[in-house]
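**Q** Quick one: the structure is below, and I'll ask about it shortly.
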Amino acid sequence: MKAMLMAFVATALISVAAYYTLQGAGYSAAEKTTAPSSVRLN
Amino acid sequence: MTQTIGALLIALFSMTVGLSHANETTRESTGGAQTMQDIMARQAGQQIDDSFRRDATGNPDAAKQITEQLGVLGGVSDSEVFRGIRYSDLDIKVSNSGPAADILVQDGGMRWLELRQGPLAIYGGGALLGIIGLLVFFYFARGRIMIDGGPAGTTIERFKAVERFGHWVLASSFVLLGLTGLLTLLGRQLLIPVIGHEAFSTLAIGSKWIHNNVAWAFMLGLFMTFFMWVWHNIPNKLDLVWFAKGGGIFGKEHPPAKKFNAGQKIIFWTVMVLGFSVSLSGISLLFPFEYPMFAKTFAIMNSVFGSSFPTELLPHEEMQYAQIWHAIVAFVMMVAIIAHIYIGSVGMEGAFDAMGNGQVDLEWARQHHSLWVAEEEAKGKIPAGSSLSAHHGK
């Protein structure tokens with residue numbers, strides 16, 4: 001059962017790590033469509 | 001009086017004939033515009049060839065001259081501008097320079113929405129309910145598959161800790177992805193009427209976070225289990241014997257099998273092939289408009305199979321195809337995995353231990369994986385004094 005519990009913890013950790021990694025890379029739909037670099041103001 | 005009625009009948013007949021002719025209007029007589037038949041066909045939901053409009057965008061030479069009937073005042077008519085927008089054939093400028101922001105109209109989106117909310121939800125949800133119903137029926141009809149003669153009392157290691165770890169990373173992520181995916185697909189129709197918009201909004205935002213981030217754990221689990229088990233899942237002649245005997249599900253006879261029997265191989269390859277496919281479409285959806293893959297896939301399919309799938313897709317269409325494909329593949333996987341969960345838990349005595357603590361009863365192993373047990377015996381991994389004859393006192 002230890003391997004199973006460790007896998008559940010790993011799944012949670014991988015998910016949190018993925019979230020912060022992608023966020024740090026600036027990759028989100030909001031970033032892509034509303035960032036100042038994406039909007040032509042003149 | 002008779003003459004008046006006669007005149008009226010003749011007039012009515014003439015009008016009917018006139019209407020009949022109007023219904024058969026040719027394209028030339030409308031100046032190239034759509035005909036009554038086109039309108040009626042579209043209203044009836046039929047597919048029409050709209051190339052006469054699609055190809056008539058932004059070409060002043062194609063427009064009627066100002067001196068002609070229906071002539072335009074400028075180089076391009078309003079209709080041509082609209083068609084240019086509709087078929088994304090204009091070089092337009094928008095304030096948002098994000099991906100696909102210059103696609104102002106994408107009428108195929110309605111067909112996608114109807115497919116997503118209609119057949120996809122109905123048949124997908126129906127398939128899940130169907131397999132659950134089938135398993136409940138099977139459970140009551142066949143009962144739990146027990147170890148013939150009872151457990152031996154001694155165990156053998158079936159899966160190492162790293163194998164179980166990979167399996168449970170894959171399994172836990174898949175369950176989370178399945179539940180959050182169903183919430184995303186069906187929540188609007190099924191949950192909002194029950195829990196309201198506010199509660200569903202919170203649930204949907206949470207589901208999206210889980211779905212987007214747990215996906216990476218799923219891909220890791222898929223990668224791990226593929227490389228750990230692919231060698232044991234290569235099909236061989238034994239699988240035909242296993243199928244011929246119905247996997248031993250319906251009778252008392254247990255067909256021989258190595259580490260994985262033919263049924264498990266089906267699950268393995270279903271998960272691997274569909275898991276790879278669902279991962280690709282998932283990545284396409286995770287990074288919108290960055291990794292379009294359906295136009296290229298369709299081009300390959302057309303060249304191989306001679307099919308006629310569209311090879312020029314708008315960015316939004318790429319996303320719509322990815323979403324539809326992602327959901328279809330996920331539904332097929334869910335159906336297979338529900339059956340797998342059943343047979344690995346309540347459906348068969350002793351099966352869960354294989355992925356629980358990794359140790360299975362020796363008698364269970366002999367009945368379901370006799371050739372694998374023989375291999376382990378040859379390697380000296382079977383505890384001494386635990387042979388079948390000793391257990392049954394033969």
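Identifiers in this document derive from the order of the structure tokens: chains are assigned A, B, ..., residues are numbered from 1 separately in each chain, and ligands are numbered from 1 in order of occurrence.
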I want to know what sits within 12 Å of Ser308 (chain B), based on only C-alpha atoms, with residues of the same chain fewer than 3 positions away left out; could you give that as number ranges by chain?
**A** B: 295, 297-305, 311-312
**Q** Using 9 Å as the limit and counting only C-alpha atoms, can you tabulate each residue of chain B that touches chain A, with its shortest atom-to-atom distance in Å and the two atoms involved, as JSON lines?
**A**
{"residue": "B:Val94", "atom": "CA", "partner": "A:Arg40", "partner_atom": "CA", "distance": 7.7}
{"residue": "B:Ser95", "atom": "CA", "partner": "A:Arg40", "partner_atom": "CA", "distance": 4.6}
{"residue": "B:Asn96", "atom": "CA", "partner": "A:Val39", "partner_atom": "CA", "distance": 4.3}
{"residue": "B:Ser97", "atom": "CA", "partner": "A:Ser38", "partner_atom": "CA", "distance": 4.9}
{"residue": "B:Gly98", "atom": "CA", "partner": "A:Thr33", "partner_atom": "CA", "distance": 4.7}
{"residue": "B:Pro99", "atom": "CA", "partner": "A:Thr33", "partner_atom": "CA", "distance": 7.3}
{"residue": "B:Ala101", "atom": "CA", "partner": "A:Thr33", "partner_atom": "CA", "distance": 8.2}
{"residue": "B:Ala161", "atom": "CA", "partner": "A:Ala3", "partner_atom": "CA", "distance": 5.7}
{"residue": "B:Val162", "atom": "CA", "partner": "A:Ala3", "partner_atom": "CA", "distance": 7.3}
{"residue": "B:Glu163", "atom": "CA", "partner": "A:Ala3", "partner_atom": "CA", "distance": 8.7}
{"residue": "B:Arg164", "atom": "CA", "partner": "A:Ala3", "partner_atom": "CA", "distance": 6.0}
{"residue": "B:Phe165", "atom": "CA", "partner": "A:Ala3", "partner_atom": "CA", "distance": 5.0}
{"residue": "B:Gly166", "atom": "CA", "partner": "A:Ala7", "partner_atom": "CA", "distance": 7.2}
{"residue": "B:His167", "atom": "CA", "partner": "A:Ala7", "partner_atom": "CA", "distance": 8.3}
{"residue": "B:Trp168", "atom": "CA", "partner": "A:Ala7", "partner_atom": "CA", "distance": 5.5}
{"residue": "B:Val169", "atom": "CA", "partner": "A:Ala7", "partner_atom": "CA", "distance": 4.9}
{"residue": "B:Leu170", "atom": "CA", "partner": "A:Thr11", "partner_atom": "CA", "distance": 8.6}
{"residue": "B:Ser172", "atom": "CA", "partner": "A:Phe8", "partner_atom": "CA", "distance": 6.5}
{"residue": "B:Ser173", "atom": "CA", "partner": "A:Thr11", "partner_atom": "CA", "distance": 6.6}
{"residue": "B:Trp209", "atom": "CA", "partner": "A:Tyr19", "partner_atom": "CA", "distance": 8.3}
{"residue": "B:Ile210", "atom": "CA", "partner": "A:Ser15", "partner_atom": "CA", "distance": 7.5}
{"residue": "B:Asn212", "atom": "CA", "partner": "A:Tyr19", "partner_atom": "CA", "distance": 8.3}
{"residue": "B:Asn213", "atom": "CA", "partner": "A:Ser15", "partner_atom": "CA", "distance": 4.6}
{"residue": "B:Val214", "atom": "CA", "partner": "A:Ser15", "partner_atom": "CA", "distance": 4.8}
{"residue": "B:Ala215", "atom": "CA", "partner": "A:Ser15", "partner_atom": "CA", "distance": 7.7}
{"residue": "B:Trp216", "atom": "CA", "partner": "A:Ser15", "partner_atom": "CA", "distance": 6.8}
{"residue": "B:Ala217", "atom": "CA", "partner": "A:Thr11", "partner_atom": "CA", "distance": 5.4}
{"residue": "B:Phe218", "atom": "CA", "partner": "A:Thr11", "partner_atom": "CA", "distance": 8.1}
{"residue": "B:Leu286", "atom": "CA", "partner": "A:Ser28", "partner_atom": "CA", "distance": 8.7}
{"residue": "B:Phe287", "atom": "CA", "partner": "A:Ser28", "partner_atom": "CA", "distance": 7.9}
{"residue": "B:Pro288", "atom": "CA", "partner": "A:Ala29", "partner_atom": "CA", "distance": 7.4}
{"residue": "B:Met355", "atom": "CA", "partner": "A:Met4", "partner_atom": "CA", "distance": 8.0}
{"residue": "B:Gly356", "atom": "CA", "partner": "A:Met1", "partner_atom": "CA", "distance": 5.2}
{"residue": "B:Asn357", "atom": "CA", "partner": "A:Met1", "partner_atom": "CA", "distance": 5.1}
{"residue": "B:Gly358", "atom": "CA", "partner": "A:Met1", "partner_atom": "CA", "distance": 8.3}
**Q** From the set B:Val230, B:Ala257, B:Leu129, B:Ile328, which residue has the shortest atom-to-atom contact distance to Glu375 (chain B), counting only C-alpha atoms?
**A**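 With only C-alpha atoms as the atom set, the closest residue is B:Ala257.
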**Q** So, counting only C-alpha atoms, which residue among B:Ala127, B:Tyr342, B:Phe227, B:Asp49 is closest to Gln37 (chain B)?
**A** B:Asp49
**Q** For Asp148 (chain B), please output as a list in words all residues within 12 Å (counting only C-alpha atoms; exclusion window: fewer than 3 positions along the same chain).
**A**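 Near neighbours after the sequence-gap exclusion: Arg144, Ile145, Pro151, Ala152, Gly248, Gly251, Lys252, Glu253, His254, Met348, Glu349, Gly350, Asp361, Leu362, Glu363, Trp364, Ala365, Arg366, Gln367, His368, Leu388 and His392 of chain B.
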**Q** Restrict the selected residues to N, CA and C atoms and save them as a compact mmCIF listing (two decimals), in the first residue's frame.
**A**
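Result saved to part_1.txt:
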# COMPACT_ATOMS: atom_id res chain seq x y z
N ARG B 144 -18.82 -13.18 -8.10
CA ARG B 144 -17.41 -12.88 -7.99
C ARG B 144 -16.60 -14.10 -8.43
N ILE B 145 -15.54 -13.87 -9.19
CA ILE B 145 -14.68 -14.98 -9.61
C ILE B 145 -13.77 -15.33 -8.45
N PRO B 151 -7.69 -19.97 -1.25
CA PRO B 151 -6.32 -19.47 -1.33
C PRO B 151 -5.31 -20.48 -0.76
N ALA B 152 -4.09 -20.41 -1.31
CA ALA B 152 -3.04 -21.32 -0.86
C ALA B 152 -2.50 -20.91 0.50
N GLY B 248 -11.61 -17.85 -19.33
CA GLY B 248 -11.97 -18.56 -18.10
C GLY B 248 -13.03 -17.84 -17.29
N GLY B 251 -16.46 -20.22 -17.52
CA GLY B 251 -16.42 -21.61 -17.06
C GLY B 251 -15.48 -21.77 -15.88
N LYS B 252 -15.09 -23.00 -15.63
CA LYS B 252 -14.20 -23.26 -14.50
C LYS B 252 -12.76 -23.41 -14.97
N GLU B 253 -12.60 -23.56 -16.29
CA GLU B 253 -11.26 -23.80 -16.81
C GLU B 253 -10.48 -22.49 -16.89
N HIS B 254 -9.21 -22.54 -16.50
CA HIS B 254 -8.37 -21.34 -16.55
C HIS B 254 -7.34 -21.49 -17.66
N MET B 348 -13.06 -10.02 -8.88
CA MET B 348 -12.23 -11.22 -8.77
C MET B 348 -11.52 -11.27 -7.42
N GLU B 349 -11.69 -12.37 -6.74
CA GLU B 349 -11.02 -12.56 -5.45
C GLU B 349 -9.50 -12.57 -5.64
N GLY B 350 -8.81 -11.81 -4.83
CA GLY B 350 -7.35 -11.84 -4.83
C GLY B 350 -6.67 -10.95 -5.86
N ASP B 361 -1.80 -14.35 -3.87
CA ASP B 361 -1.88 -15.73 -3.40
C ASP B 361 -1.35 -16.66 -4.50
N LEU B 362 -0.58 -17.64 -4.10
CA LEU B 362 0.05 -18.53 -5.08
C LEU B 362 -0.98 -19.30 -5.89
N GLU B 363 -2.06 -19.69 -5.25
CA GLU B 363 -3.09 -20.44 -5.96
C GLU B 363 -3.79 -19.53 -6.99
N TRP B 364 -4.03 -18.29 -6.62
CA TRP B 364 -4.60 -17.32 -7.57
C TRP B 364 -3.67 -17.19 -8.78
N ALA B 365 -2.37 -17.07 -8.49
CA ALA B 365 -1.39 -16.89 -9.56
C ALA B 365 -1.37 -18.11 -10.48
N ARG B 366 -1.46 -19.30 -9.90
CA ARG B 366 -1.44 -20.52 -10.71
C ARG B 366 -2.67 -20.59 -11.62
N GLN B 367 -3.80 -20.17 -11.09
CA GLN B 367 -5.03 -20.29 -11.88
C GLN B 367 -5.11 -19.25 -13.01
N HIS B 368 -4.58 -18.08 -12.77
CA HIS B 368 -4.74 -17.01 -13.78
C HIS B 368 -3.48 -16.73 -14.59
N LEU B 388 1.39 -26.86 -5.74
CA LEU B 388 -0.06 -27.06 -5.82
C LEU B 388 -0.48 -28.36 -5.15
N HIS B 392 -3.18 -28.89 -2.00
CA HIS B 392 -4.43 -29.64 -2.10
C HIS B 392 -4.32 -31.04 -1.49
**Q** If I take CA of Ala327 (chain B) and CA of Thr202 (chain B), how far is one from the other in Å, to one decimal?
**A**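 So the answer is 22.1 Å.
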**Q** Between CA of Arg54 (chain B) and CA of Ser88 (chain B), what is the distance in Å, rounded to a tenth?
**A**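 Here the two named atoms are 9.6 Å from each other.
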**Q** Would you kindly return, as a CSV table (one decimal) with C-alpha atoms, in the first residue's frame, each protein, DNA or RNA residue with an atom no farther than 12 Å from any atom of Val273 (chain B), considering only C-alpha atoms and excluding same-chain residues fewer than 3 positions away?
**A**
chain,number,residue,atom,x,y,z
B,222,LEU,CA,1.8,6.4,-19.1
B,223,PHE,CA,5.5,6.7,-19.9
B,226,PHE,CA,4.7,1.6,-21.1
B,230,VAL,CA,5.5,-3.3,-23.0
B,265,LYS,CA,-3.0,-7.0,-23.0
B,266,ILE,CA,-6.1,-5.4,-24.5
B,267,ILE,CA,-6.4,-3.1,-21.6
B,268,PHE,CA,-2.6,-2.3,-21.8
B,269,TRP,CA,-2.7,-1.4,-25.5
B,270,THR,CA,-6.0,0.4,-25.2
B,276,PHE,CA,-0.9,8.7,-26.2
B,277,SER,CA,-3.6,10.1,-28.5
B,278,VAL,CA,-5.5,11.8,-25.6
B,279,SER,CA,-2.2,13.3,-24.4
B,280,LEU,CA,-1.4,14.7,-27.8
B,329,VAL,CA,-10.9,9.0,-26.8
B,330,ALA,CA,-11.4,9.7,-23.1
B,332,VAL,CA,-13.5,4.9,-24.8
B,333,MET,CA,-10.8,4.8,-22.2
**Q** Excluding Gly263 (chain B) and residues on its chain fewer than 2 positions from it, collect all residues at most 12 Å away from it, counting only C-alpha atoms, and give them as a VMD selection string.
**A** chain B and resid 233 235 238 to 249 255 257 to 261 265 to 270 336 339 to 340 343 to 344 368 to 369
**Q** So that I can see what lies close to Leu183 (chain B), please list as a PDB file with C-alpha atoms, in the first residue's frame the residues with an atom at most 8 Å from it, counting only C-alpha atoms and leaving out residues fewer than 4 positions away in the same chain.
**A**
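The new file around33.pdb reads:
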ATOM      1  CA  LEU B 179     -14.095  13.167 -13.213  1.00  0.00           C
ATOM      2  CA  GLY B 187     -21.603  20.228 -15.872  1.00  0.00           C
ATOM      3  CA  ALA B 204     -15.593  24.341 -12.844  1.00  0.00           C
ATOM      4  CA  SER B 207     -11.882  21.188 -12.249  1.00  0.00           C
TER       5      SER B 207
END
**Q** Tell me, in Å to one decimal, how far CA of Thr180 (chain B) is from CA of Met293 (chain B).
**A**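 Distance reported for this atom pair: 24.2 Å.
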